[in-house]
Amino acid sequence: MTIVKLTLSILPEVLAVCSLKKGSEIPSWALQSNFCSIALTSDEISVICPEKNVPDETLCDRGWRAFKVHGPLDLSLLGSTTSISAPLTKANINILAVATYDTDYILVR
């Protein structure tokens, strides 16, 4: 087994995880930052962005912080998320993982 050293940093923004109705347009407030993740499924649209950008009437869960796993990470790399999430789970800390082509982000409350 190859051990890979991961470098983490915390993003400066406090984030919100938002739920938009299926068929909604992506709001401009979601895109006004250095970090935004959008997931579209057949059931909903989820947006993760700085909570300061999210209007009060938007259904969301606020108060998340993101750790960036510095990459680029090889897409065939095994266990990078597990190596971070396992100790957090053991400490009873909930996570939300977000992956991009180059790297991963681990969100915690």
# chains A, B, ... in the order shown; residues from 1 in each chain; ligands from 1

call {"tool": "select_by_dssp", "arguments": {"residues": "segment 10-107 of chain A", "states": "strand (DSSP E or B)", "output": "ChimeraX atom specification"}}
result
/A:10,15-21,37-40,44-50,60-69,95-99,104-107

call {"tool": "write_last_selection", "arguments": {"atoms": "N, CA and C atoms", "output": "compact mmCIF listing (two decimals), in the first residue's frame"}}
result
# COMPACT_ATOMS: atom_id res chain seq x y z
N ILE A 10 -7.71 25.47 5.08
CA ILE A 10 -9.13 25.79 5.28
C ILE A 10 -9.48 27.01 4.44
N LEU A 15 -19.53 28.62 4.72
CA LEU A 15 -20.36 28.19 3.60
C LEU A 15 -21.77 27.79 4.03
N ALA A 16 -22.66 27.77 3.05
CA ALA A 16 -24.02 27.28 3.23
C ALA A 16 -24.28 26.21 2.18
N VAL A 17 -25.02 25.18 2.58
CA VAL A 17 -25.45 24.12 1.67
C VAL A 17 -26.92 24.38 1.39
N CYS A 18 -27.24 24.72 0.15
CA CYS A 18 -28.59 25.18 -0.21
C CYS A 18 -29.30 24.18 -1.12
N SER A 19 -30.61 24.15 -0.99
CA SER A 19 -31.44 23.30 -1.83
C SER A 19 -32.38 24.19 -2.65
N LEU A 20 -32.30 24.03 -3.96
CA LEU A 20 -33.18 24.76 -4.86
C LEU A 20 -34.13 23.78 -5.53
N LYS A 21 -35.30 24.26 -5.88
CA LYS A 21 -36.28 23.39 -6.52
C LYS A 21 -35.81 22.95 -7.89
N SER A 37 -20.07 25.07 -5.46
CA SER A 37 -20.29 23.72 -5.98
C SER A 37 -21.77 23.58 -6.28
N ILE A 38 -22.09 23.10 -7.48
CA ILE A 38 -23.48 22.94 -7.89
C ILE A 38 -23.68 21.50 -8.33
N ALA A 39 -24.70 20.87 -7.77
CA ALA A 39 -25.06 19.51 -8.17
C ALA A 39 -26.50 19.51 -8.65
N LEU A 40 -26.70 19.06 -9.89
CA LEU A 40 -28.04 18.95 -10.46
C LEU A 40 -28.40 17.49 -10.58
N GLU A 44 -33.40 17.61 -7.56
CA GLU A 44 -33.12 18.90 -6.94
C GLU A 44 -31.85 19.51 -7.51
N ILE A 45 -31.59 20.73 -7.05
CA ILE A 45 -30.33 21.41 -7.32
C ILE A 45 -29.75 21.77 -5.96
N SER A 46 -28.52 21.35 -5.70
CA SER A 46 -27.83 21.72 -4.46
C SER A 46 -26.72 22.69 -4.81
N VAL A 47 -26.60 23.73 -4.01
CA VAL A 47 -25.59 24.75 -4.20
C VAL A 47 -24.83 24.91 -2.89
N ILE A 48 -23.51 24.88 -2.96
CA ILE A 48 -22.67 25.18 -1.80
C ILE A 48 -21.88 26.43 -2.17
N CYS A 49 -22.04 27.47 -1.35
CA CYS A 49 -21.36 28.74 -1.62
C CYS A 49 -21.26 29.51 -0.30
N PRO A 50 -20.56 30.65 -0.29
CA PRO A 50 -20.47 31.42 0.95
C PRO A 50 -21.85 31.81 1.47
N CYS A 60 -31.53 26.47 3.29
CA CYS A 60 -30.13 26.10 3.36
C CYS A 60 -29.73 25.76 4.79
N ASP A 61 -28.57 25.14 4.89
CA ASP A 61 -27.95 24.83 6.16
C ASP A 61 -26.65 25.63 6.20
N ARG A 62 -26.55 26.52 7.15
CA ARG A 62 -25.42 27.45 7.21
C ARG A 62 -24.36 26.97 8.21
N GLY A 63 -23.21 27.62 8.19
CA GLY A 63 -22.19 27.38 9.19
C GLY A 63 -21.18 26.30 8.86
N TRP A 64 -20.98 25.99 7.60
CA TRP A 64 -20.02 24.97 7.18
C TRP A 64 -18.68 25.63 6.86
N ARG A 65 -17.59 24.92 7.17
CA ARG A 65 -16.25 25.32 6.78
C ARG A 65 -15.68 24.22 5.90
N ALA A 66 -14.83 24.61 4.96
CA ALA A 66 -14.28 23.65 4.00
C ALA A 66 -12.77 23.54 4.13
N PHE A 67 -12.31 22.31 4.20
CA PHE A 67 -10.88 22.00 4.11
C PHE A 67 -10.60 21.59 2.67
N LYS A 68 -9.63 22.25 2.07
CA LYS A 68 -9.20 21.89 0.72
C LYS A 68 -8.07 20.90 0.81
N VAL A 69 -8.18 19.81 0.08
CA VAL A 69 -7.08 18.85 -0.06
C VAL A 69 -6.30 19.31 -1.28
N ILE A 95 -19.39 15.14 8.23
CA ILE A 95 -18.71 15.76 7.09
C ILE A 95 -19.62 15.74 5.87
N LEU A 96 -19.28 16.60 4.93
CA LEU A 96 -19.86 16.58 3.60
C LEU A 96 -18.68 16.68 2.65
N ALA A 97 -18.52 15.70 1.79
CA ALA A 97 -17.38 15.68 0.87
C ALA A 97 -17.81 16.21 -0.50
N VAL A 98 -16.95 17.03 -1.08
CA VAL A 98 -17.17 17.57 -2.42
C VAL A 98 -15.90 17.30 -3.21
N ALA A 99 -16.06 16.73 -4.38
CA ALA A 99 -14.90 16.42 -5.20
C ALA A 99 -14.96 17.19 -6.51
N ASP A 104 -10.22 17.46 -3.62
CA ASP A 104 -11.39 17.20 -2.78
C ASP A 104 -11.51 18.32 -1.75
N TYR A 105 -12.73 18.52 -1.29
CA TYR A 105 -13.01 19.45 -0.21
C TYR A 105 -13.82 18.68 0.82
N ILE A 106 -13.47 18.85 2.08
CA ILE A 106 -14.20 18.22 3.18
C ILE A 106 -14.84 19.34 3.98
N LEU A 107 -16.16 19.34 4.04
CA LEU A 107 -16.88 20.36 4.78
C LEU A 107 -17.26 19.83 6.15

call {"tool": "closest_residue", "arguments": {"among": "A:Lys22, A:Asn53, A:Ser33, A:Ser83", "to": "Lys5 of chain A", "atoms": "only C-alpha atoms"}}
result
A:Ser83

call {"tool": "select_by_dssp", "arguments": {"residues": "chain A", "states": "alpha helix (DSSP H)", "output": "number ranges by chain"}}
result
A: 80-90

call {"tool": "atom_distance", "arguments": {"atom1": "atom CA of Thr103 of chain A", "atom2": "atom CA of Gly71 of chain A"}}
result
5.1 Å

call {"tool": "atom_distance", "arguments": {"atom1": "atom CA of Thr58 of chain A", "atom2": "atom CA of Glu25 of chain A"}}
result
13.4 Å

call {"tool": "decode", "arguments": {"residues": "segment 23-58 of chain A", "atoms": "N, CA, C and O atoms", "output": "PDB file, in the first residue's frame"}}
result
ATOM      1  N   GLY A  23     -35.517  22.399 -11.612  1.00  0.00           N
ATOM      2  CA  GLY A  23     -35.872  23.294 -12.702  1.00  0.00           C
ATOM      3  C   GLY A  23     -35.543  24.754 -12.449  1.00  0.00           C
ATOM      4  O   GLY A  23     -35.716  25.585 -13.333  1.00  0.00           O
ATOM      5  N   SER A  24     -35.050  25.071 -11.255  1.00  0.00           N
ATOM      6  CA  SER A  24     -34.673  26.455 -10.957  1.00  0.00           C
ATOM      7  C   SER A  24     -33.453  26.855 -11.775  1.00  0.00           C
ATOM      8  O   SER A  24     -32.630  26.013 -12.136  1.00  0.00           O
ATOM      9  N   GLU A  25     -33.340  28.139 -12.038  1.00  0.00           N
ATOM     10  CA  GLU A  25     -32.120  28.651 -12.645  1.00  0.00           C
ATOM     11  C   GLU A  25     -31.063  28.788 -11.559  1.00  0.00           C
ATOM     12  O   GLU A  25     -31.388  29.000 -10.389  1.00  0.00           O
ATOM     13  N   ILE A  26     -29.800  28.661 -11.938  1.00  0.00           N
ATOM     14  CA  ILE A  26     -28.719  28.862 -10.983  1.00  0.00           C
ATOM     15  C   ILE A  26     -28.687  30.361 -10.669  1.00  0.00           C
ATOM     16  O   ILE A  26     -28.503  31.181 -11.569  1.00  0.00           O
ATOM     17  N   PRO A  27     -28.878  30.727  -9.410  1.00  0.00           N
ATOM     18  CA  PRO A  27     -28.921  32.152  -9.072  1.00  0.00           C
ATOM     19  C   PRO A  27     -27.540  32.801  -9.142  1.00  0.00           C
ATOM     20  O   PRO A  27     -26.517  32.163  -8.859  1.00  0.00           O
ATOM     21  N   SER A  28     -27.520  34.066  -9.499  1.00  0.00           N
ATOM     22  CA  SER A  28     -26.249  34.774  -9.631  1.00  0.00           C
ATOM     23  C   SER A  28     -25.505  34.860  -8.301  1.00  0.00           C
ATOM     24  O   SER A  28     -24.272  34.851  -8.274  1.00  0.00           O
ATOM     25  N   TRP A  29     -26.238  34.907  -7.171  1.00  0.00           N
ATOM     26  CA  TRP A  29     -25.570  34.999  -5.868  1.00  0.00           C
ATOM     27  C   TRP A  29     -24.704  33.778  -5.589  1.00  0.00           C
ATOM     28  O   TRP A  29     -23.736  33.869  -4.850  1.00  0.00           O
ATOM     29  N   ALA A  30     -25.040  32.646  -6.180  1.00  0.00           N
ATOM     30  CA  ALA A  30     -24.267  31.422  -5.948  1.00  0.00           C
ATOM     31  C   ALA A  30     -22.892  31.489  -6.598  1.00  0.00           C
ATOM     32  O   ALA A  30     -21.948  30.858  -6.132  1.00  0.00           O
ATOM     33  N   LEU A  31     -22.771  32.249  -7.640  1.00  0.00           N
ATOM     34  CA  LEU A  31     -21.545  32.275  -8.437  1.00  0.00           C
ATOM     35  C   LEU A  31     -20.604  33.413  -8.083  1.00  0.00           C
ATOM     36  O   LEU A  31     -19.563  33.559  -8.705  1.00  0.00           O
ATOM     37  N   GLN A  32     -20.939  34.190  -7.081  1.00  0.00           N
ATOM     38  CA  GLN A  32     -20.160  35.382  -6.741  1.00  0.00           C
ATOM     39  C   GLN A  32     -19.113  35.103  -5.663  1.00  0.00           C
ATOM     40  O   GLN A  32     -19.109  35.739  -4.615  1.00  0.00           O
ATOM     41  N   SER A  33     -18.250  34.135  -5.912  1.00  0.00           N
ATOM     42  CA  SER A  33     -17.225  33.808  -4.920  1.00  0.00           C
ATOM     43  C   SER A  33     -16.119  32.981  -5.559  1.00  0.00           C
ATOM     44  O   SER A  33     -16.207  32.605  -6.724  1.00  0.00           O
ATOM     45  N   ASN A  34     -15.115  32.671  -4.751  1.00  0.00           N
ATOM     46  CA  ASN A  34     -14.031  31.802  -5.210  1.00  0.00           C
ATOM     47  C   ASN A  34     -14.356  30.327  -5.044  1.00  0.00           C
ATOM     48  O   ASN A  34     -13.603  29.480  -5.500  1.00  0.00           O
ATOM     49  N   PHE A  35     -15.468  30.020  -4.338  1.00  0.00           N
ATOM     50  CA  PHE A  35     -15.865  28.629  -4.157  1.00  0.00           C
ATOM     51  C   PHE A  35     -17.370  28.505  -4.365  1.00  0.00           C
ATOM     52  O   PHE A  35     -18.155  29.208  -3.726  1.00  0.00           O
ATOM     53  N   CYS A  36     -17.749  27.623  -5.252  1.00  0.00           N
ATOM     54  CA  CYS A  36     -19.157  27.300  -5.478  1.00  0.00           C
ATOM     55  C   CYS A  36     -19.208  25.885  -6.043  1.00  0.00           C
ATOM     56  O   CYS A  36     -18.467  25.553  -6.965  1.00  0.00           O
ATOM     57  N   SER A  37     -20.066  25.066  -5.463  1.00  0.00           N
ATOM     58  CA  SER A  37     -20.287  23.720  -5.984  1.00  0.00           C
ATOM     59  C   SER A  37     -21.773  23.582  -6.283  1.00  0.00           C
ATOM     60  O   SER A  37     -22.612  23.910  -5.440  1.00  0.00           O
ATOM     61  N   ILE A  38     -22.085  23.105  -7.481  1.00  0.00           N
ATOM     62  CA  ILE A  38     -23.477  22.941  -7.893  1.00  0.00           C
ATOM     63  C   ILE A  38     -23.680  21.500  -8.330  1.00  0.00           C
ATOM     64  O   ILE A  38     -22.910  20.976  -9.136  1.00  0.00           O
ATOM     65  N   ALA A  39     -24.700  20.870  -7.768  1.00  0.00           N
ATOM     66  CA  ALA A  39     -25.059  19.505  -8.167  1.00  0.00           C
ATOM     67  C   ALA A  39     -26.504  19.512  -8.650  1.00  0.00           C
ATOM     68  O   ALA A  39     -27.408  19.935  -7.928  1.00  0.00           O
ATOM     69  N   LEU A  40     -26.705  19.065  -9.891  1.00  0.00           N
ATOM     70  CA  LEU A  40     -28.042  18.954 -10.456  1.00  0.00           C
ATOM     71  C   LEU A  40     -28.400  17.485 -10.575  1.00  0.00           C
ATOM     72  O   LEU A  40     -27.630  16.705 -11.141  1.00  0.00           O
ATOM     73  N   THR A  41     -29.544  17.114 -10.020  1.00  0.00           N
ATOM     74  CA  THR A  41     -30.040  15.749 -10.154  1.00  0.00           C
ATOM     75  C   THR A  41     -31.460  15.807 -10.711  1.00  0.00           C
ATOM     76  O   THR A  41     -31.995  16.897 -10.931  1.00  0.00           O
ATOM     77  N   SER A  42     -32.067  14.675 -10.891  1.00  0.00           N
ATOM     78  CA  SER A  42     -33.444  14.662 -11.368  1.00  0.00           C
ATOM     79  C   SER A  42     -34.423  15.145 -10.302  1.00  0.00           C
ATOM     80  O   SER A  42     -35.579  15.422 -10.596  1.00  0.00           O
ATOM     81  N   ASP A  43     -33.956  15.272  -9.048  1.00  0.00           N
ATOM     82  CA  ASP A  43     -34.833  15.670  -7.950  1.00  0.00           C
ATOM     83  C   ASP A  43     -34.625  17.092  -7.450  1.00  0.00           C
ATOM     84  O   ASP A  43     -35.545  17.709  -6.920  1.00  0.00           O
ATOM     85  N   GLU A  44     -33.398  17.607  -7.556  1.00  0.00           N
ATOM     86  CA  GLU A  44     -33.119  18.903  -6.940  1.00  0.00           C
ATOM     87  C   GLU A  44     -31.852  19.513  -7.512  1.00  0.00           C
ATOM     88  O   GLU A  44     -31.131  18.887  -8.282  1.00  0.00           O
ATOM     89  N   ILE A  45     -31.592  20.733  -7.053  1.00  0.00           N
ATOM     90  CA  ILE A  45     -30.325  21.406  -7.317  1.00  0.00           C
ATOM     91  C   ILE A  45     -29.748  21.773  -5.957  1.00  0.00           C
ATOM     92  O   ILE A  45     -30.413  22.410  -5.143  1.00  0.00           O
ATOM     93  N   SER A  46     -28.523  21.345  -5.696  1.00  0.00           N
ATOM     94  CA  SER A  46     -27.832  21.718  -4.464  1.00  0.00           C
ATOM     95  C   SER A  46     -26.718  22.693  -4.806  1.00  0.00           C
ATOM     96  O   SER A  46     -25.989  22.491  -5.778  1.00  0.00           O
ATOM     97  N   VAL A  47     -26.603  23.735  -4.005  1.00  0.00           N
ATOM     98  CA  VAL A  47     -25.587  24.752  -4.201  1.00  0.00           C
ATOM     99  C   VAL A  47     -24.831  24.915  -2.890  1.00  0.00           C
ATOM    100  O   VAL A  47     -25.442  25.052  -1.830  1.00  0.00           O
ATOM    101  N   ILE A  48     -23.509  24.885  -2.963  1.00  0.00           N
ATOM    102  CA  ILE A  48     -22.669  25.183  -1.802  1.00  0.00           C
ATOM    103  C   ILE A  48     -21.884  26.432  -2.169  1.00  0.00           C
ATOM    104  O   ILE A  48     -21.168  26.449  -3.181  1.00  0.00           O
ATOM    105  N   CYS A  49     -22.037  27.466  -1.352  1.00  0.00           N
ATOM    106  CA  CYS A  49     -21.363  28.738  -1.617  1.00  0.00           C
ATOM    107  C   CYS A  49     -21.258  29.508  -0.304  1.00  0.00           C
ATOM    108  O   CYS A  49     -21.826  29.079   0.712  1.00  0.00           O
ATOM    109  N   PRO A  50     -20.563  30.647  -0.291  1.00  0.00           N
ATOM    110  CA  PRO A  50     -20.465  31.424   0.946  1.00  0.00           C
ATOM    111  C   PRO A  50     -21.848  31.810   1.474  1.00  0.00           C
ATOM    112  O   PRO A  50     -22.706  32.281   0.716  1.00  0.00           O
ATOM    113  N   GLU A  51     -22.056  31.597   2.766  1.00  0.00           N
ATOM    114  CA  GLU A  51     -23.368  31.877   3.336  1.00  0.00           C
ATOM    115  C   GLU A  51     -23.727  33.350   3.266  1.00  0.00           C
ATOM    116  O   GLU A  51     -24.902  33.695   3.199  1.00  0.00           O
ATOM    117  N   LYS A  52     -22.742  34.233   3.230  1.00  0.00           N
ATOM    118  CA  LYS A  52     -23.028  35.667   3.146  1.00  0.00           C
ATOM    119  C   LYS A  52     -23.725  36.036   1.835  1.00  0.00           C
ATOM    120  O   LYS A  52     -24.382  37.055   1.749  1.00  0.00           O
ATOM    121  N   ASN A  53     -23.609  35.184   0.808  1.00  0.00           N
ATOM    122  CA  ASN A  53     -24.230  35.445  -0.491  1.00  0.00           C
ATOM    123  C   ASN A  53     -25.677  34.950  -0.564  1.00  0.00           C
ATOM    124  O   ASN A  53     -26.405  35.326  -1.470  1.00  0.00           O
ATOM    125  N   VAL A  54     -26.085  34.094   0.364  1.00  0.00           N
ATOM    126  CA  VAL A  54     -27.373  33.407   0.269  1.00  0.00           C
ATOM    127  C   VAL A  54     -28.487  34.271   0.861  1.00  0.00           C
ATOM    128  O   VAL A  54     -28.417  34.664   2.026  1.00  0.00           O
ATOM    129  N   PRO A  55     -29.531  34.545   0.079  1.00  0.00           N
ATOM    130  CA  PRO A  55     -30.672  35.299   0.610  1.00  0.00           C
ATOM    131  C   PRO A  55     -31.338  34.555   1.768  1.00  0.00           C
ATOM    132  O   PRO A  55     -31.350  33.317   1.806  1.00  0.00           O
ATOM    133  N   ASP A  56     -31.878  35.309   2.716  1.00  0.00           N
ATOM    134  CA  ASP A  56     -32.493  34.736   3.920  1.00  0.00           C
ATOM    135  C   ASP A  56     -33.592  33.721   3.606  1.00  0.00           C
ATOM    136  O   ASP A  56     -33.764  32.750   4.336  1.00  0.00           O
ATOM    137  N   GLU A  57     -34.351  33.941   2.536  1.00  0.00           N
ATOM    138  CA  GLU A  57     -35.493  33.071   2.233  1.00  0.00           C
ATOM    139  C   GLU A  57     -35.101  31.747   1.565  1.00  0.00           C
ATOM    140  O   GLU A  57     -35.943  30.884   1.332  1.00  0.00           O
ATOM    141  N   THR A  58     -33.818  31.542   1.302  1.00  0.00           N
ATOM    142  CA  THR A  58     -33.352  30.325   0.635  1.00  0.00           C
ATOM    143  C   THR A  58     -33.235  29.182   1.639  1.00  0.00           C
ATOM    144  O   THR A  58     -32.694  29.352   2.727  1.00  0.00           O
TER     145      THR A  58
END
